[in-house]
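Q: You'll find my_file_25.txt just under this line, and it carries compact mmCIF, C-alpha atoms.
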```txt
# COMPACT_ATOMS: atom_id res chain seq x y z
CA MET A 20 -44.06 -15.25 -17.88
CA ASN A 21 -40.88 -13.17 -18.17
CA ILE A 22 -38.03 -13.13 -15.69
CA SER A 23 -39.05 -9.94 -13.91
CA SER A 24 -42.67 -10.94 -13.37
CA GLY A 25 -41.60 -14.41 -12.21
CA LEU A 26 -39.18 -13.01 -9.66
CA TYR A 27 -41.78 -10.52 -8.50
CA LEU A 28 -44.25 -13.33 -7.75
CA CYS A 29 -41.55 -15.25 -5.90
CA TYR A 30 -40.57 -12.48 -3.54
CA ARG A 31 -44.18 -11.41 -3.00
CA ALA A 32 -44.74 -15.00 -1.85
CA LYS A 33 -41.98 -14.29 0.70
CA ASN A 34 -40.09 -17.44 -0.21
CA ILE A 35 -36.38 -16.79 -0.51
CA LEU A 36 -35.73 -20.30 -1.82
CA LEU A 37 -38.07 -19.60 -4.71
CA VAL A 38 -36.16 -16.43 -5.50
CA PHE A 39 -32.85 -18.26 -5.84
CA LEU A 40 -34.44 -21.17 -7.71
CA PHE A 41 -36.14 -18.84 -10.16
CA LEU A 42 -32.95 -16.87 -10.80
CA PHE A 43 -31.02 -20.10 -11.38
CA CYS A 44 -33.60 -21.51 -13.78
CA SER A 45 -34.09 -18.24 -15.60
CA THR A 46 -30.44 -18.19 -16.61
CA TYR A 47 -31.26 -21.08 -18.92
CA ALA A 48 -34.96 -20.65 -19.64
CA PHE A 49 -34.92 -16.91 -20.35
CA GLY A 50 -31.29 -16.24 -21.17
CA SER A 51 -32.04 -15.10 -24.72
CA GLU A 52 -35.51 -13.68 -24.04
CA ILE A 53 -34.93 -9.94 -23.75
CA SER A 54 -32.18 -7.63 -22.54
CA SER A 55 -32.53 -5.46 -19.45
CA PHE A 56 -32.15 -2.36 -21.60
CA ASP A 57 -34.86 -3.46 -24.04
CA TYR A 58 -37.15 -4.40 -21.18
CA LEU A 59 -36.75 -1.06 -19.41
CA SER A 60 -37.19 0.76 -22.70
CA SER A 61 -40.64 -0.79 -22.92
CA LYS A 62 -41.59 0.17 -19.36
CA SER A 63 -43.48 3.44 -19.10
CA ASP A 64 -42.25 3.98 -15.54
CA ALA A 65 -38.55 3.79 -16.45
CA SER A 66 -37.37 7.33 -17.13
CA GLU A 67 -35.03 8.27 -19.95
CA GLU A 68 -32.36 8.99 -17.34
CA VAL A 69 -32.67 5.47 -15.90
CA ARG A 70 -32.40 3.92 -19.37
CA TYR A 71 -29.43 6.15 -20.25
CA THR A 72 -27.65 5.20 -17.01
CA LEU A 73 -28.34 1.49 -17.49
CA SER A 74 -26.97 1.63 -21.04
CA TRP A 75 -23.77 3.23 -19.74
CA ILE A 76 -23.41 0.71 -16.90
CA LEU A 77 -23.82 -2.26 -19.23
CA ASP A 78 -21.64 -0.85 -22.03
CA SER A 79 -18.80 0.07 -19.66
CA ALA A 80 -19.23 -2.84 -17.23
CA ASP A 81 -19.10 -0.19 -14.50
CA ASN A 82 -20.80 -2.51 -12.02
CA ASP A 83 -17.63 -4.65 -11.89
CA ASN A 84 -19.68 -7.84 -12.06
CA LEU A 85 -21.56 -6.86 -8.90
CA PRO A 86 -25.32 -6.67 -8.37
CA PHE A 87 -26.59 -3.12 -8.55
CA ALA A 88 -29.58 -0.86 -8.10
CA VAL A 89 -30.47 2.40 -9.81
CA ILE A 90 -32.51 4.87 -7.76
CA ASP A 91 -34.39 7.50 -9.71
CA LYS A 92 -34.90 10.31 -7.17
CA LYS A 93 -37.07 12.41 -9.47
CA ASN A 94 -39.61 9.62 -9.79
CA ALA A 95 -38.95 7.95 -6.42
CA GLU A 96 -38.31 4.50 -7.84
CA ILE A 97 -35.68 1.79 -7.54
CA PHE A 98 -34.61 -0.64 -10.28
CA VAL A 99 -32.67 -3.73 -9.17
CA PHE A 100 -30.31 -5.85 -11.29
CA ASN A 101 -28.15 -8.91 -10.69
CA ASN A 102 -24.41 -9.01 -11.34
CA ASP A 103 -24.97 -9.89 -15.02
CA GLY A 104 -27.15 -6.82 -15.48
CA LYS A 105 -30.41 -8.75 -15.66
CA PHE A 106 -33.37 -6.66 -14.56
CA LEU A 107 -35.05 -8.16 -11.49
CA VAL A 108 -37.67 -5.78 -10.13
CA SER A 109 -38.68 -2.15 -9.68
CA GLU A 110 -40.67 -0.54 -6.89
CA PRO A 111 -41.44 2.87 -5.37
CA VAL A 112 -39.13 4.20 -2.65
CA LEU A 113 -39.26 6.89 0.00
CA ILE A 114 -36.37 9.37 -0.11
CA GLY A 115 -35.14 12.61 1.47
CA ILE A 116 -37.34 15.68 1.51
CA SER A 117 -34.71 17.95 -0.03
CA LYS A 118 -34.00 17.87 -3.77
CA SER A 119 -30.33 18.64 -3.22
CA ASP A 120 -27.78 16.05 -4.36
CA ILE A 121 -25.08 16.79 -1.78
CA ILE A 122 -25.25 16.35 1.99
CA ASP A 123 -24.14 19.32 4.08
CA PRO A 124 -21.14 18.10 6.15
CA LYS A 125 -22.38 20.25 9.03
CA THR A 126 -25.18 17.73 9.56
CA LEU A 127 -22.70 14.92 10.18
CA ASN A 128 -22.85 15.17 13.97
CA ALA A 129 -26.39 16.54 14.18
CA SER A 130 -29.31 14.62 15.64
CA LEU A 131 -32.10 13.89 13.17
CA SER A 132 -34.44 16.36 14.85
CA ALA A 133 -31.88 19.14 14.37
CA ILE A 134 -31.63 18.66 10.60
CA SER A 135 -33.92 21.05 8.73
CA GLU A 136 -36.06 19.84 5.83
CA ALA A 137 -33.80 21.69 3.37
CA LYS A 138 -30.88 19.53 4.49
CA ARG A 139 -32.61 16.15 4.54
CA VAL A 140 -30.81 14.89 1.46
CA THR A 141 -30.59 11.59 -0.35
CA PRO A 142 -27.18 12.09 -1.99
CA ALA A 143 -26.57 11.42 -5.66
CA GLY A 144 -23.60 9.24 -6.57
CA ARG A 145 -22.17 5.79 -7.09
CA PHE A 146 -21.93 3.90 -3.80
CA ILE A 147 -20.26 0.60 -2.93
CA SER A 148 -22.93 -0.90 -0.70
CA MET A 149 -23.26 -3.91 1.58
CA ILE A 150 -25.60 -5.39 4.13
CA GLY A 151 -24.92 -4.32 7.72
CA SER A 152 -26.72 -3.43 10.92
CA ASP A 153 -27.72 -0.30 12.78
CA LYS A 154 -26.98 0.22 16.47
CA HIS A 155 -30.12 -1.75 17.34
CA GLY A 156 -28.99 -4.76 15.30
CA LYS A 157 -31.55 -4.26 12.52
CA GLN A 158 -30.36 -5.17 9.05
CA LEU A 159 -29.98 -2.49 6.39
CA LEU A 160 -28.02 -1.83 3.22
CA TRP A 161 -25.33 0.77 3.95
CA VAL A 162 -25.09 3.22 1.06
CA ASP A 163 -23.12 6.20 2.43
CA TYR A 164 -21.83 4.91 5.76
CA GLU A 165 -20.17 8.14 6.85
CA PHE A 166 -23.44 10.06 6.72
CA ALA A 167 -25.58 7.12 7.89
CA ILE A 168 -27.44 6.92 4.58
CA ALA A 169 -28.91 3.46 4.20
CA LEU A 170 -31.56 1.56 2.31
CA HIS A 171 -33.90 -0.26 4.67
CA PRO A 172 -37.50 -1.45 5.09
CA VAL A 173 -40.01 1.34 5.56
CA ILE A 174 -40.19 2.42 9.20
CA ASP A 175 -42.97 3.94 11.27
CA VAL A 176 -42.30 7.55 12.24
CA PRO A 177 -45.05 9.36 14.17
CA GLY A 178 -46.87 11.85 11.98
CA GLN A 179 -45.22 10.77 8.71
CA ASP A 180 -47.53 7.97 7.53
CA ARG A 181 -44.68 6.35 5.61
CA ARG A 182 -46.37 3.04 4.78
CA ARG A 183 -49.27 4.81 3.08
CA ARG A 184 -46.91 7.15 1.24
CA LEU A 185 -44.95 4.22 -0.17
CA ILE A 186 -47.98 2.86 -2.04
CA THR A 187 -49.46 6.12 -3.36
CA LYS A 188 -48.88 7.17 -6.97
CA THR A 189 -47.74 10.69 -6.12
CA CYS A 190 -43.97 11.28 -6.23
CA GLN A 191 -44.24 14.18 -3.80
CA ASP A 192 -45.63 11.77 -1.19
CA LYS A 193 -42.35 9.87 -1.38
CA ARG A 194 -40.28 12.88 -0.17
CA ILE A 195 -40.35 12.32 3.59
CA THR A 196 -37.13 10.80 4.99
CA TRP A 197 -34.00 12.40 6.43
CA GLY A 198 -32.06 10.96 3.49
CA CYS A 199 -32.33 7.20 3.80
CA ILE A 200 -34.11 5.13 1.18
CA ASN A 201 -37.16 3.23 2.49
CA VAL A 202 -38.46 0.23 0.54
CA SER A 203 -41.13 -2.40 1.08
CA PRO A 204 -40.23 -5.11 3.63
CA ALA A 205 -40.75 -7.80 0.98
CA LEU A 206 -38.31 -6.20 -1.44
CA PHE A 207 -35.69 -5.74 1.25
CA GLN A 208 -35.99 -9.19 2.79
CA ASN A 209 -36.32 -11.28 -0.35
CA VAL A 210 -34.28 -9.39 -2.96
CA ILE A 211 -31.92 -6.82 -1.42
CA ILE A 212 -30.54 -8.95 1.42
CA PRO A 213 -29.58 -12.02 -0.66
CA LEU A 214 -28.40 -9.94 -3.60
CA PHE A 215 -26.17 -7.51 -1.65
CA GLN A 216 -25.00 -9.91 1.06
CA LYS A 217 -21.37 -9.57 0.01
CA LYS A 218 -21.25 -6.29 -1.90
CA GLY A 219 -23.01 -4.35 -4.62
CA ILE A 220 -23.36 -0.89 -6.14
CA VAL A 221 -26.16 1.64 -5.67
CA TYR A 222 -26.42 4.38 -8.29
CA ILE A 223 -28.50 7.32 -7.04
CA LEU A 224 -29.40 9.62 -9.91
CA PRO A 225 -29.14 13.40 -9.50
CA GLU A 226 -31.72 16.16 -9.50
CA GLU A 227 -29.42 19.19 -9.73
CA ILE A 228 -27.16 18.24 -12.64
CA SER A 229 -27.66 16.53 -15.98
CA ILE A 230 -27.37 12.78 -16.26
CA GLU A 231 -24.39 13.26 -18.61
CA ASN A 232 -22.52 15.26 -15.97
CA TYR A 233 -23.49 12.70 -13.34
CA ILE A 234 -22.02 9.85 -15.36
CA ARG A 235 -18.91 11.89 -16.09
CA LYS A 236 -18.51 12.51 -12.35
CA VAL A 237 -19.05 8.92 -11.17
CA SER A 238 -16.76 7.65 -13.94
CA GLU A 239 -13.79 9.37 -12.31
CA PRO A 240 -11.27 7.14 -10.47
CA LYS A 241 -13.26 5.40 -7.78
CA ILE A 242 -12.62 5.96 -4.09
CA SER A 243 -14.57 3.60 -1.86
CA ASN A 244 -17.21 5.33 0.22
CA GLN A 245 -17.04 2.60 2.83
CA GLN A 246 -15.32 3.50 6.09
CA ASP A 247 -13.87 0.96 8.50
CA THR A 248 -14.79 3.30 11.31
CA ALA A 249 -17.52 5.90 11.10
CA ARG A 250 -16.35 9.47 11.57
CA GLY A 251 -18.96 11.22 13.64
CA ILE A 252 -21.69 9.05 12.15
CA ARG A 253 -25.25 10.09 12.90
CA LYS A 254 -26.89 8.08 15.63
CA ASN A 255 -29.81 6.81 13.57
CA PRO A 256 -30.45 6.28 9.87
CA GLY A 257 -33.74 7.89 8.83
```
Could the structure of this file be written out as structure tokens, please?
A:
Amino acid sequence: MNISSGLYLCYRAKNILLVFLFLFCSTYAFGSEISSFDYLSSKSDASEEVRYTLSWILDSADNDNLPFAVIDKKNAEIFVFNNDGKFLVSEPVLIGISKSDIIDPKTLNASLSAISEAKRVTPAGRFISMIGSDKHGKQLLWVDYEFAIALHPVIDVPGQDRRRRLITKTCQDKRITWGCINVSPALFQNVIIPLFQKKGIVYILPEEISIENYIRKVSEPKISNQQDTARGIRKNPG
């Protein structure tokens, strides 16, 4: 059993203690087994852009010794890594309907129902992310706080059939949210929450520009996307 499959079985069993125990033991048992880059290179579902981005992150130590996730919008998939860059797990995600990479600032104060499908964007970028709560007290991972873009367990929205969409094999089925990233409850509860409890980085890959230009852009001097106080934040993540 390799580290990724072992962790997967632990969090599917919904036992958070097992997750931590497995990660601790794997540091010694599997430390020299296989690199994250080599592992992803052997996975048919890891795109060339994901592998290219991971290579850059590991070579440049861009994650600053923080846990991180890479979200491949084109293929609607998330890849999660610990602070040492060890690959933990990958799963499908639901993302924004639009294929744009930039959120229109005019939607900042708009209600969700007023945002057209063309403007329901999951933004590309490098985001300092941490666990927080929405106005109802539900836990989520804030990605772009100003625009209320978060990663959270899949939610039920009338007429959208999100839970079914999350498990289909069609990428187009995954384009349904207002911009937030929806994941399985098990992944969120047993991997994302403990891993990002303090802070982490979410890399959301682009659809409108090349991966080389994306890396060049996110390599520029970093300005934290976290805001102490939201400026006209949308009422509800979607």
Q: What is the CA of Gly257 in chain A-CA of Ile114 in chain A distance in Å, reported with one decimal?
A: 9.4 Å
Q: Give me, please, the distance in Å between CA of Asp120 in chain A and CA of Ile228 in chain A, quoted to one decimal.
A: 8.6 Å
Q: Ranking A:Glu110, A:Pro240, A:Phe100, A:Ile90 by minimum distance to Ala205 in chain A and counting only C-alpha atoms, which one comes first?
A: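 Closest residue, counting only C-alpha atoms: A:Glu110.
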Q: Show which residues sit within 10 Å of Ser135 in chain A, as a PDB file with C-alpha atoms, in the coordinates of the input. Count all atoms listed in the file, and ignore same-chain residues fewer than 5 positions away.
A:
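Final output, saved to out12.pdb:
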```pdb
ATOM      1  CA  ILE A 116     -37.340  15.680   1.510  1.00  0.00           C
ATOM      2  CA  SER A 117     -34.710  17.950  -0.030  1.00  0.00           C
ATOM      3  CA  THR A 126     -25.180  17.730   9.560  1.00  0.00           C
ATOM      4  CA  TRP A 197     -34.000  12.400   6.430  1.00  0.00           C
TER       5      TRP A 197
END
```
Q: Pick out the closest residue to Asp83 in chain A from this set: A:Gly219, A:Pro225, A:Gly198, A:Gly178. Count all atoms listed in the file.
A: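 Ranked by minimum distance to Asp83 in chain A, first place goes to A:Gly219.
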Q: Separation of CA of Asn209 in chain A and CA of Ile76 in chain A, in Å?
A: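 Computing it gives 24.2 Å between the two atoms.
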Q: Counting all atoms listed in the file, which residue out of A:Thr72, A:Gly115, A:Asn232, A:Asp153 sits closest to Asp192 in chain A?
A: A:Gly115
Q: Looking at only C-alpha atoms, which of A:Gly104, A:Pro142, A:Pro86, A:Pro111 is the one that sits closest to Ile223 in chain A?
A: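 Answer, going by the shortest atom-to-atom distance: A:Pro142.
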Q: Extract, using only C-alpha atoms, all DNA, RNA and protein residues at most 12 Å from Thr141 in chain A, discarding same-chain residues fewer than 3 positions from it, and format them as a PyMOL selection string.
A: chain A and resi 90-93+95+112-123+136-138+144+162-163+166-170+193-201+222-226+256-257
Q: Do a neighbour search on Gly151 in chain A at 8 Å with only C-alpha atoms, toss out local chain neighbours closer than 2 positions, and write the hits as a list in words.
A: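 The filter keeps Met149, Asp153, Gln158, Leu159, Leu160 and Trp161 of chain A.
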Q: Using only C-alpha atoms, find the one residue out of A:Gln216, A:Arg145, A:Ile174, A:Asn94 that sits nearest to Thr189 in chain A.
A: A:Asn94
Q: Taking the point (-17.6, -10.8, -10.9) as given in the file, collect each protein or nucleic acid residue that comes within 12 Å of it, counting only C-alpha atoms, and present the set as a tab-separated table (two decimals) with C-alpha atoms, in the coordinates of the input.
A:
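Result written to part37.tsv:
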```tsv
chain	number	residue	atom	x	y	z
A	80	ALA	CA	-19.23	-2.84	-17.23
A	81	ASP	CA	-19.10	-0.19	-14.50
A	82	ASN	CA	-20.80	-2.51	-12.02
A	83	ASP	CA	-17.63	-4.65	-11.89
A	84	ASN	CA	-19.68	-7.84	-12.06
A	85	LEU	CA	-21.56	-6.86	-8.90
A	86	PRO	CA	-25.32	-6.67	-8.37
A	101	ASN	CA	-28.15	-8.91	-10.69
A	102	ASN	CA	-24.41	-9.01	-11.34
A	103	ASP	CA	-24.97	-9.89	-15.02
A	104	GLY	CA	-27.15	-6.82	-15.48
A	217	LYS	CA	-21.37	-9.57	0.01
A	218	LYS	CA	-21.25	-6.29	-1.90
A	219	GLY	CA	-23.01	-4.35	-4.62
```
Q: Axis-aligned box over every listed atom of range 141-149 of chain A, padded by 3 Å per side: centre and edges in Å to one decimal, as lines of an AutoDock Vina configuration file?
A:
```
center_x = -25.4
center_y = 4.1
center_z = -2.8
size_x = 16.3
size_y = 22.0
size_z = 14.7
```
Q: Nearest to Ile212 in chain A: which of A:Leu127, A:Ile97, A:Ala88, A:Ile150 is it, counting only C-alpha atoms?
A: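 The shortest atom-to-atom distance to Ile212 in chain A comes from A:Ile150.
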